[in-house]
>>> print(open('work.csv').read())   # CSV, C-alpha atoms
chain,number,residue,atom,x,y,z
K,1,MET,CA,-53.3,154.5,168.9
K,2,ALA,CA,-52.9,154.9,165.1
K,3,ASP,CA,-51.4,152.0,163.2
K,4,PRO,CA,-47.9,153.2,162.1
K,5,ALA,CA,-48.4,151.2,158.9
K,6,LYS,CA,-51.3,153.4,158.0
K,7,ARG,CA,-49.5,156.7,158.6
K,8,PRO,CA,-48.5,158.6,155.4
K,9,SER,CA,-44.8,158.5,154.6
K,10,ALA,CA,-42.7,161.7,155.0
K,11,ALA,CA,-42.4,161.9,151.2
K,12,HIS,CA,-46.1,161.7,150.8
K,13,THR,CA,-46.7,164.3,153.4
K,14,ALA,CA,-44.2,166.7,151.8
K,15,TYR,CA,-45.8,166.0,148.4
K,16,ALA,CA,-49.4,166.6,149.7
K,17,VAL,CA,-48.4,169.9,151.4
K,18,THR,CA,-46.4,171.3,148.5
K,19,LYS,CA,-49.1,170.3,146.0
K,20,GLU,CA,-51.8,172.0,148.1
K,21,LEU,CA,-49.7,175.2,148.2
K,22,ILE,CA,-49.5,175.2,144.4
K,23,LEU,CA,-53.1,174.3,143.7
K,24,SER,CA,-54.5,176.8,146.2
K,25,GLY,CA,-52.5,179.6,144.7
K,26,GLU,CA,-50.5,180.2,147.9
K,27,LEU,CA,-47.4,179.4,145.7
K,28,PRO,CA,-48.3,181.1,142.3
K,29,GLY,CA,-46.7,180.2,139.0
K,30,GLY,CA,-43.1,181.4,138.9
K,31,SER,CA,-42.5,181.1,142.6
K,32,LEU,CA,-39.1,179.7,143.7
K,33,ILE,CA,-39.2,177.3,146.6
K,34,SER,CA,-36.5,175.2,148.2
K,35,GLU,CA,-36.3,171.8,149.7
K,36,GLY,CA,-35.3,173.4,153.0
K,37,GLU,CA,-38.4,175.6,153.1
K,38,ILE,CA,-40.7,172.6,152.7
K,39,ALA,CA,-38.6,170.4,155.0
K,40,GLU,CA,-38.9,173.0,157.7
K,41,ARG,CA,-42.7,173.4,157.2
K,42,VAL,CA,-43.4,169.7,157.2
K,43,ARG,CA,-40.7,169.0,159.8
K,44,VAL,CA,-38.9,166.3,157.8
K,45,SER,CA,-35.5,165.9,156.3
K,46,ARG,CA,-34.7,167.0,152.8
K,47,THR,CA,-34.6,163.5,151.4
K,48,PRO,CA,-38.4,162.9,151.4
K,49,VAL,CA,-38.9,166.5,150.1
K,50,ARG,CA,-36.6,165.8,147.2
K,51,GLU,CA,-38.7,162.7,146.4
K,52,ALA,CA,-41.9,164.8,146.6
K,53,PHE,CA,-40.4,167.4,144.3
K,54,LEU,CA,-39.5,164.8,141.7
K,55,ARG,CA,-43.1,163.5,141.8
K,56,LEU,CA,-44.5,167.0,141.4
K,57,GLU,CA,-42.1,167.6,138.5
K,58,SER,CA,-43.5,164.5,136.8
K,59,GLU,CA,-47.0,166.1,137.2
K,60,GLU,CA,-45.7,169.2,135.5
K,61,LEU,CA,-46.3,171.3,138.6
K,62,LEU,CA,-42.6,172.0,139.5
K,63,ALA,CA,-39.5,172.6,137.4
K,64,LEU,CA,-36.4,171.6,139.2
K,65,HIS,CA,-33.2,173.6,139.0
K,66,PRO,CA,-30.1,172.0,140.6
K,67,LYS,CA,-28.6,174.1,143.4
K,68,ARG,CA,-31.3,176.7,143.0
K,69,GLY,CA,-34.5,174.9,144.1
K,70,ALA,CA,-37.7,174.5,142.3
K,71,VAL,CA,-40.0,176.8,140.4
K,72,VAL,CA,-43.8,176.5,140.3
K,73,VAL,CA,-44.8,175.9,136.7
K,74,PRO,CA,-47.4,178.5,135.6
K,75,VAL,CA,-50.5,177.3,133.8
K,76,PRO,CA,-49.3,176.9,130.2
K,77,PRO,CA,-50.9,179.2,127.6
K,78,GLY,CA,-53.9,177.5,126.1
K,79,GLU,CA,-54.2,174.8,128.8
K,80,ALA,CA,-57.4,176.4,130.2
K,81,ALA,CA,-59.1,176.2,126.9
K,82,ASP,CA,-58.0,172.6,126.5
K,83,VAL,CA,-59.4,171.6,129.9
K,84,LEU,CA,-62.6,173.4,129.3
K,85,GLU,CA,-63.1,171.8,125.8
K,86,LEU,CA,-62.6,168.4,127.4
K,87,ARG,CA,-65.0,169.1,130.2
K,88,LEU,CA,-67.7,170.3,127.7
K,89,ALA,CA,-67.3,167.1,125.7
K,90,LEU,CA,-67.4,164.7,128.6
K,91,GLU,CA,-70.2,166.4,130.5
K,92,ARG,CA,-72.4,166.9,127.4
K,93,SER,CA,-71.9,163.2,126.5
K,94,ALA,CA,-72.8,162.3,130.1
K,95,ALA,CA,-75.9,164.3,130.0
K,96,GLU,CA,-77.0,162.7,126.8
K,97,ARG,CA,-76.6,159.2,128.3
K,98,ILE,CA,-78.4,160.3,131.5
K,99,ALA,CA,-81.3,161.6,129.3
K,100,ARG,CA,-81.6,158.0,128.0
K,101,THR,CA,-81.2,156.1,131.2
K,102,GLY,CA,-82.3,158.5,133.9
K,103,LEU,CA,-80.4,159.9,136.9
K,104,HIS,CA,-80.1,157.2,139.6
K,105,GLY,CA,-81.0,158.1,143.2
K,106,ASP,CA,-77.5,157.7,144.7
K,107,HIS,CA,-76.0,160.1,142.3
K,108,HIS,CA,-78.9,162.5,142.7
K,109,GLU,CA,-78.5,162.5,146.4
K,110,LYS,CA,-74.8,163.0,146.2
K,111,MET,CA,-75.2,166.0,143.9
K,112,ARG,CA,-77.9,167.4,146.3
K,113,GLU,CA,-75.4,167.0,149.2
K,114,LEU,CA,-72.7,168.8,147.2
K,115,LEU,CA,-75.1,171.6,146.5
K,116,ARG,CA,-75.9,172.0,150.2
K,117,ARG,CA,-72.2,172.1,150.9
K,118,GLN,CA,-71.6,174.7,148.2
K,119,ARG,CA,-74.3,176.9,149.7
K,120,ASP,CA,-72.5,176.8,153.1
K,121,LEU,CA,-69.1,177.4,151.5
K,122,ALA,CA,-70.4,180.3,149.4
K,123,GLU,CA,-71.8,182.0,152.5
K,124,ALA,CA,-68.4,181.6,154.2
K,125,ALA,CA,-66.6,182.8,151.0
K,126,ASP,CA,-64.4,179.8,151.2
K,127,VAL,CA,-63.0,179.7,147.7
K,128,GLY,CA,-60.6,176.8,148.2
K,129,ARG,CA,-63.2,174.3,149.6
K,130,PHE,CA,-65.8,175.5,147.2
K,131,ALA,CA,-63.4,174.7,144.3
K,132,ASP,CA,-63.2,171.1,145.7
K,133,ALA,CA,-67.0,170.8,145.9
K,134,ASP,CA,-67.3,172.3,142.4
K,135,GLU,CA,-65.0,169.7,140.9
K,136,ALA,CA,-66.8,166.9,142.8
K,137,PHE,CA,-70.2,168.1,141.5
K,138,HIS,CA,-69.1,168.1,137.8
K,139,ARG,CA,-67.2,164.8,138.2
K,140,CYS,CA,-70.4,163.3,139.7
K,141,ILE,CA,-72.3,164.2,136.5
K,142,VAL,CA,-69.8,162.2,134.4
K,143,GLU,CA,-69.8,159.3,136.9
K,144,ALA,CA,-73.6,159.3,136.9
K,145,SER,CA,-73.6,158.5,133.2
K,146,GLY,CA,-72.2,155.0,133.9
K,147,ASN,CA,-69.3,155.4,131.5
K,148,ARG,CA,-66.5,154.3,133.7
K,149,LEU,CA,-63.8,155.2,131.1
K,150,ALA,CA,-65.1,158.7,130.9
K,151,GLY,CA,-65.3,158.9,134.7
K,152,ARG,CA,-61.7,157.8,135.1
K,153,PHE,CA,-60.4,160.2,132.5
K,154,TYR,CA,-62.5,163.1,133.9
K,155,ALA,CA,-60.9,162.5,137.3
K,156,THR,CA,-57.4,163.2,135.8
K,157,LEU,CA,-58.5,166.8,135.1
K,158,GLY,CA,-59.3,167.4,138.8
K,159,ASP,CA,-56.1,169.2,139.8
K,160,ARG,CA,-56.2,171.4,136.8
K,161,GLN,CA,-59.8,172.2,137.4
K,162,ARG,CA,-59.2,173.1,141.0
K,163,ARG,CA,-56.3,175.3,140.2
K,164,MET,CA,-58.2,177.1,137.4
K,165,SER,CA,-61.3,177.6,139.7
K,166,ILE,CA,-59.3,179.0,142.6
K,167,SER,CA,-57.5,181.4,140.3
K,168,ALA,CA,-60.7,182.6,138.6
K,169,LEU,CA,-62.8,182.9,141.8
K,170,SER,CA,-60.4,184.2,144.4
K,171,PRO,CA,-60.7,187.8,143.1
K,172,ARG,CA,-64.5,187.5,143.1
K,173,PRO,CA,-65.8,185.3,145.9
K,174,GLU,CA,-69.3,186.8,145.5
K,175,ARG,CA,-69.7,184.6,142.4
K,176,LEU,CA,-69.8,181.5,144.6
K,177,SER,CA,-73.5,181.7,145.3
K,178,LEU,CA,-74.2,182.2,141.6
K,179,LEU,CA,-72.2,179.1,140.8
K,180,ALA,CA,-74.3,177.1,143.3
K,181,ASP,CA,-77.4,178.5,141.5
K,182,GLU,CA,-76.0,177.4,138.1
K,183,HIS,CA,-75.2,174.0,139.5
K,184,GLU,CA,-78.8,173.7,140.7
K,185,ALA,CA,-80.0,174.5,137.2
K,186,LEU,CA,-77.7,171.9,135.6
K,187,LEU,CA,-79.1,169.3,138.0
K,188,ASP,CA,-82.7,170.2,137.1
K,189,HIS,CA,-81.9,169.8,133.4
K,190,LEU,CA,-80.5,166.3,134.1
K,191,LEU,CA,-83.6,165.3,136.1
K,192,ARG,CA,-85.8,166.4,133.2
K,193,GLY,CA,-83.6,164.6,130.7
K,194,ASP,CA,-83.1,167.7,128.7
K,195,SER,CA,-79.5,167.3,127.5
K,196,ALA,CA,-79.8,170.2,125.0
K,197,ALA,CA,-80.7,172.6,127.8
K,198,PHE,CA,-78.0,171.1,129.9
K,199,ALA,CA,-75.4,171.7,127.2
K,200,SER,CA,-76.4,175.3,126.7
K,201,ALA,CA,-76.4,176.0,130.4
K,202,LEU,CA,-73.0,174.3,130.9
K,203,LEU,CA,-71.4,176.4,128.2
K,204,GLY,CA,-72.8,179.6,129.8
K,205,HIS,CA,-71.7,178.4,133.3
K,206,LEU,CA,-68.1,177.7,132.2
K,207,THR,CA,-67.8,180.9,130.2
K,208,ALA,CA,-69.0,183.1,133.0
K,209,THR,CA,-66.3,181.7,135.3
K,210,HIS,CA,-63.3,181.0,132.9
K,211,GLY,CA,-64.1,182.8,129.7
K,212,SER,CA,-65.0,181.1,126.4
K,213,PRO,CA,-63.9,177.5,126.4
K,214,TYR,CA,-62.7,178.1,122.8
K,215,THR,CA,-60.4,181.0,123.6
K,216,ALA,CA,-59.6,180.9,127.4
K,217,GLY,CA,-55.9,181.4,128.0
K,218,ARG,CA,-55.1,181.4,124.3
K,219,ASP,CA,-52.1,183.7,123.4
K,220,ASP,CA,-52.7,183.6,119.7
K,221,ARG,CA,-55.7,186.0,119.5
>>> encode(input="work.csv", output="structure tokens")
Amino acid sequence: MADPAKRPSAAHTAYAVTKELILSGELPGGSLISEGEIAERVRVSRTPVREAFLRLESEELLALHPKRGAVVVPVPPGEAADVLELRLALERSAAERIARTGLHGDHHEKMRELLRRQRDLAEAADVGRFADADEAFHRCIVEASGNRLAGRFYATLGDRQRRMSISALSPRPERLSLLADEHEALLDHLLRGDSAAFASALLGHLTATHGSPYTAGRDDR
């Protein structure tokens, strides 16, 4: 029998379910949702849902409107480019450090396992789970550099990365197998210690999926 102390609270469950609906795109930007809808779905009272909504508002995923409910916050104009520029900077820096120190076996094996998982998910056209594995692969690159500060900061981009990837890939799931191929090439560059080739391949990889990191989502062009 499960230890009641280890069970997630009602508020955490409501938070996790609502957040997943937003990140997966099931609740797209601009959608209006109510505490009652989530309470019914999760089978809890409205009080923990209200707590969950406040937490999601603090994460800029919901905008709360008294007596009306909550609106899913669309991805702000320019945020995609901001995220991609940060990813480029952090992953390029990681590749340069890995070129100097080498890629350790545990990180290498973890990336190989993530690639195997991506192949399976691509075959199943499972965009949501592929987006999870995609984020984990790129985060592993930064973590493999040994720069703990960079690794912790990169992890904070995870939700935004996943939301962006699901939005970009849902209309074209056929690209999943190509992404796995591109990840394989990135890993090969790391193993060879060729940070310049890695940087070039990374730019092409992100551009093919999200558009240019320097203009993606900009509304001033």
>>> atom_distance(input="work.csv", atom1="atom CA of Gly211 of chain K", atom2="atom CA of Val73 of chain K")
21.7 Å
>>> closest_residue(input="work.csv", among="K:Asp120, K:His108, K:Ser31, K:Leu90", to="Arg152 of chain K", atoms="all atoms listed in the file")
K:Leu90
>>> residues_around(input="work.csv", residues="His189 of chain K", least_positions_apart="4", cutoff="12 Å", atoms="all atoms listed in the file", output="NGL selection string")
:K and (92 or 95-96 or 98-99 or 102-103 or 141 or 182-185 or 193-202)
>>> closest_residue(input="work.csv", among="K:Val17, K:Asp134, K:Val72, K:Leu54", to="Ile33 of chain K", atoms="all atoms listed in the file")
K:Val72
>>> closest_residue(input="work.csv", among="K:Leu88, K:Ala144, K:Ala124, K:Val75", to="His205 of chain K", atoms="only C-alpha atoms")
K:Leu88
>>> closest_residue(input="work.csv", among="K:Thr156, K:Ser24, K:Ser165, K:Thr18", to="Ile38 of chain K", atoms="all atoms listed in the file")
K:Thr18
>>> closest_residue(input="work.csv", among="K:Glu113, K:Leu64, K:Ala125, K:Asp159", to="Phe137 of chain K", atoms="all atoms listed in the file")
K:Glu113
>>> atom_distance(input="work.csv", atom1="atom CA of Ala10 of chain K", atom2="atom CA of Arg46 of chain K")
9.8 Å
>>> residues_around(input="work.csv", residues="Gly146 of chain K", least_positions_apart="4", cutoff="9 Å", atoms="all atoms listed in the file", output="PDB file with C-alpha atoms, in the coordinates of the input")
ATOM      1  CA  ALA K  94     -72.800 162.300 130.100  1.00  0.00           C
ATOM      2  CA  ARG K  97     -76.600 159.200 128.300  1.00  0.00           C
ATOM      3  CA  ILE K  98     -78.400 160.300 131.500  1.00  0.00           C
ATOM      4  CA  VAL K 142     -69.800 162.200 134.400  1.00  0.00           C
ATOM      5  CA  ALA K 150     -65.100 158.700 130.900  1.00  0.00           C
ATOM      6  CA  GLY K 151     -65.300 158.900 134.700  1.00  0.00           C
TER       7      GLY K 151
END
>>> atom_distance(input="work.csv", atom1="atom CA of His138 of chain K", atom2="atom CA of Ser58 of chain K")
25.9 Å
>>> residues_around(input="work.csv", residues="Glu135 of chain K", least_positions_apart="4", cutoff="12 Å", atoms="all atoms listed in the file", output="JSON, numbers by chain")
{"K": [87, 111, 114, 115, 118, 128, 129, 130, 131, 139, 140, 141, 142, 154, 155, 156, 157, 158, 159, 160, 161, 162, 163, 164, 165, 166, 179, 183]}
>>> closest_residue(input="work.csv", among="K:Leu21, K:Leu86, K:Val42, K:Leu121", to="Leu62 of chain K", atoms="only C-alpha atoms")
K:Leu21
>>> residues_around(input="work.csv", residues="Ser45 of chain K", least_positions_apart="2", cutoff="10 Å", atoms="only C-alpha atoms", output="list in words")
Ala10, Ala11, Ala14, Glu35, Gly36, Ile38, Ala39, Glu40, Val42, Arg43, Thr47, Pro48, Val49 and Arg50 of chain K
